[in-house]
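Peer 1: Dropping a structure here in structure tokens format, bear with me for questions.
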Amino acid sequence: MADQYDLFGGINIRKKVGIYSIAHSSTKSLYIGQSNDIEQRINRHKKELKQSIHPNKNLQKLWNDCGDKEFEFLLLEELNETKSPLETQRWLAEREKYWINKFRNSNDIKTLNITDGEIVKTSDAIVEFKRERNEDEIRKENNRKNYDLKIKEERRDINFRLIEIEKLLNELRSNRKLHSPKLKSVYAELSEYKNQLEKLQKKHSGFFGFFNGKIDINEVAHLKSLIDKLTIEYDSICIPILDEIISLEIERDQLKNSKKKLHSSKQSDYYDKLRNRYDVASYRIKKKKDDFY
């Protein structure tokens with residue numbers, strides 16, 4: 001298994017932070033571990049193996065069956081930069097997982113690790129993690145407050161605009177032009193000419209046309225001309241006002257829909273809980289994660 005040692009780098013173990021391996025040459029088996037002090041960790045492995053109390057049963061059985069002569073303790077990867085205690089443990093966990101998966105996918109080497117790697121919660125890392133978590137909670141709370149303030153301001157602006165729209169709609173609906181005698185007179189005259197044209201067309205069409213003869217084209221043209229003229233006059237008064245009313249009503253409905261979607265942070269959390277409650281798939285795939293990651 002000398003070629004495998006070359007793959008590892010052939011570096012002698014010293015007091016280092018990083019990833020190490022315990023390799024057995026004849027069976028091409030290896031165990032991968034991590035430590036803040038590899039030299040001390042290796043010595044502990046040796047002591048546990050000699051006393052037959054090593055927690056990894058696969059490694060312990062191999063040691064019991066083959067003895068200690070074909071085992072090599074090698075450095076796979078060293079941490080060469082300064083990191084905080086928590087970041088160091090996160091780096092070790094990530095690199096340990098990388099090396100385990102790398103050799104598990106190799107056809108030539110048998111990996112003795114049972115797990116995929118884990119993060120070691122040292123006392124310094126725990127202190128840093130708690131501080132990091134507290135800072136994160138403070139940051140989240142500040143973000144929630146800023147978000148709620150923004151939602152509150154948006155709601156206030158929408159409410160002000162809705163009040164303004166209702167006021168404008170009331171003014172437009174009570175506009176004197178819409179209720180003026182002149183408009184009523186134009187509407188009545190327009191309705192009368194339309195009725196006359198309808199009666200004339202009915203009188204000279206179908207069964208009635210057989211007895212009454214052909215319709216008077218000039219009379220029809222005259223009525224249509226009067227209708228068009230009065231329609232233009234009626235529309236010139238009504239349409240601008242009605243268009244404005246319709247535009248304001250559309251804006252009002254859009255604002256109301258937007259307001260319904262403005263949820264505070266508490267409301268958003270509540271709706272998320274409701275969605276998760278009925279999302280069966282989310283429970284099936286839920287996986288417990290280490291807070292340190």
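Within each chain, counting starts at residue 1; across the structure tokens, chains are named A, B, ... in the order shown, with ligands numbered 1 upward in that order.
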Could you tell me, as an MDAnalysis selection string, which residues of range 22-124 of chain A DSSP assigns to alpha helix (DSSP H) when given the backbone?

Peer 2: chainID A and resid 38:50 57:66 85:104 123:124

Peer 1: Would you mind listing what lies within 12 Å of Lys214 in chain A as a PyMOL selection string, with only C-alpha atoms counted and same-chain residues fewer than 5 positions away left out?

Peer 2: chain A and resi 200-209+219-220

Peer 1: From the set A:Val186, A:Leu242, A:Leu162, A:Leu112, which residue has the shortest atom-to-atom contact distance to Pro55 in chain A, counting only C-alpha atoms?

Peer 2: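 Looking at the shortest contact to Pro55 in chain A, the residue is A:Leu112.
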
Peer 1: For range 135-151 of chain A, find every residue with an atom within 12 Å (counting only C-alpha atoms), except residues of its own chain fewer than 5 positions away, and show them as a PyMOL selection string.

Peer 2: chain A and resi 128-130+156-158+258-269

Peer 1: To one decimal place in Å, what is the distance between CA of Thr111 in chain A and CA of Leu59 in chain A?

Peer 2: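 These atoms are spaced 9.8 Å apart.
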
Peer 1: Just give me the gap between CA of Asn195 in chain A and CA of Asp243 in chain A in Å, one decimal is fine.

Peer 2: 27.1 Å

Peer 1: Just want the 7 Å neighbourhood of Glu72 in chain A, counted on only C-alpha atoms, with same-chain residues fewer than 6 positions away dropped. Output as a list in words.

Peer 2: Ile22, Ala23 and His24 of chain A

Peer 1: In terms of the shortest atom-to-atom distance over only C-alpha atoms, which of A:Trp91, A:Glu189, A:Arg277, A:Arg161 is closest to Glu251 in chain A?

Peer 2: A:Arg161

Peer 1: Counting only C-alpha atoms, which residue out of A:Lys194, A:Lys121, A:Lys47, A:Lys110 sits closest to Gln89 in chain A?

Peer 2: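 Of A:Lys194, A:Lys121, A:Lys47, A:Lys110, the one nearest Gln89 in chain A is A:Lys121, counting only C-alpha atoms.
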
Peer 1: Which residue, A:Asp272, A:Glu48, A:Glu70, A:Glu166, has the smallest gap to Leu30 in chain A when you use only C-alpha atoms?

Peer 2: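 Checking each of A:Asp272, A:Glu48, A:Glu70, A:Glu166 against Leu30 in chain A, counting only C-alpha atoms, the winner is A:Glu70.
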
Peer 1: When you count only C-alpha atoms, which of these residues is closest to Glu154 in chain A: A:Ile215, A:Val17, A:Ile32, A:Leu255?

Peer 2: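 Among A:Ile215, A:Val17, A:Ile32, A:Leu255, it is A:Leu255 that comes nearest to Glu154 in chain A.
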
Peer 1: From the options A:Lys97, A:Arg90, A:Lys229, A:Lys224, which residue's atoms come nearest to Glu198 in chain A, counting only C-alpha atoms?

Peer 2: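 Answer, going by the shortest atom-to-atom distance: A:Lys224.
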
Peer 1: Would you compute the distance between CA of Lys83 in chain A and CA of Asp116 in chain A? Give it in Å to one decimal.

Peer 2: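 If I compute the distance from CA of Lys83 in chain A to CA of Asp116 in chain A, I get 23.1 Å.
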
Peer 1: Just asking: which residues within range 6-235 of chain A are strand (DSSP E or B) according to DSSP, as a PyMOL selection string?

Peer 2: chain A and resi 18-24+29-35+71-78+110-111

Peer 1: Compile the contact shell of Arg44 in chain A as a list of chain:residue names: residues with an atom at most 12 Å away, counting only C-alpha atoms, same-chain residues fewer than 4 positions apart removed.

Peer 2: A:Ser35, A:Asp37, A:Ile38, A:Glu39, A:Gln40, A:Glu48, A:Leu49, A:Lys50, A:Gln51, A:Ile53, A:His54, A:Pro55
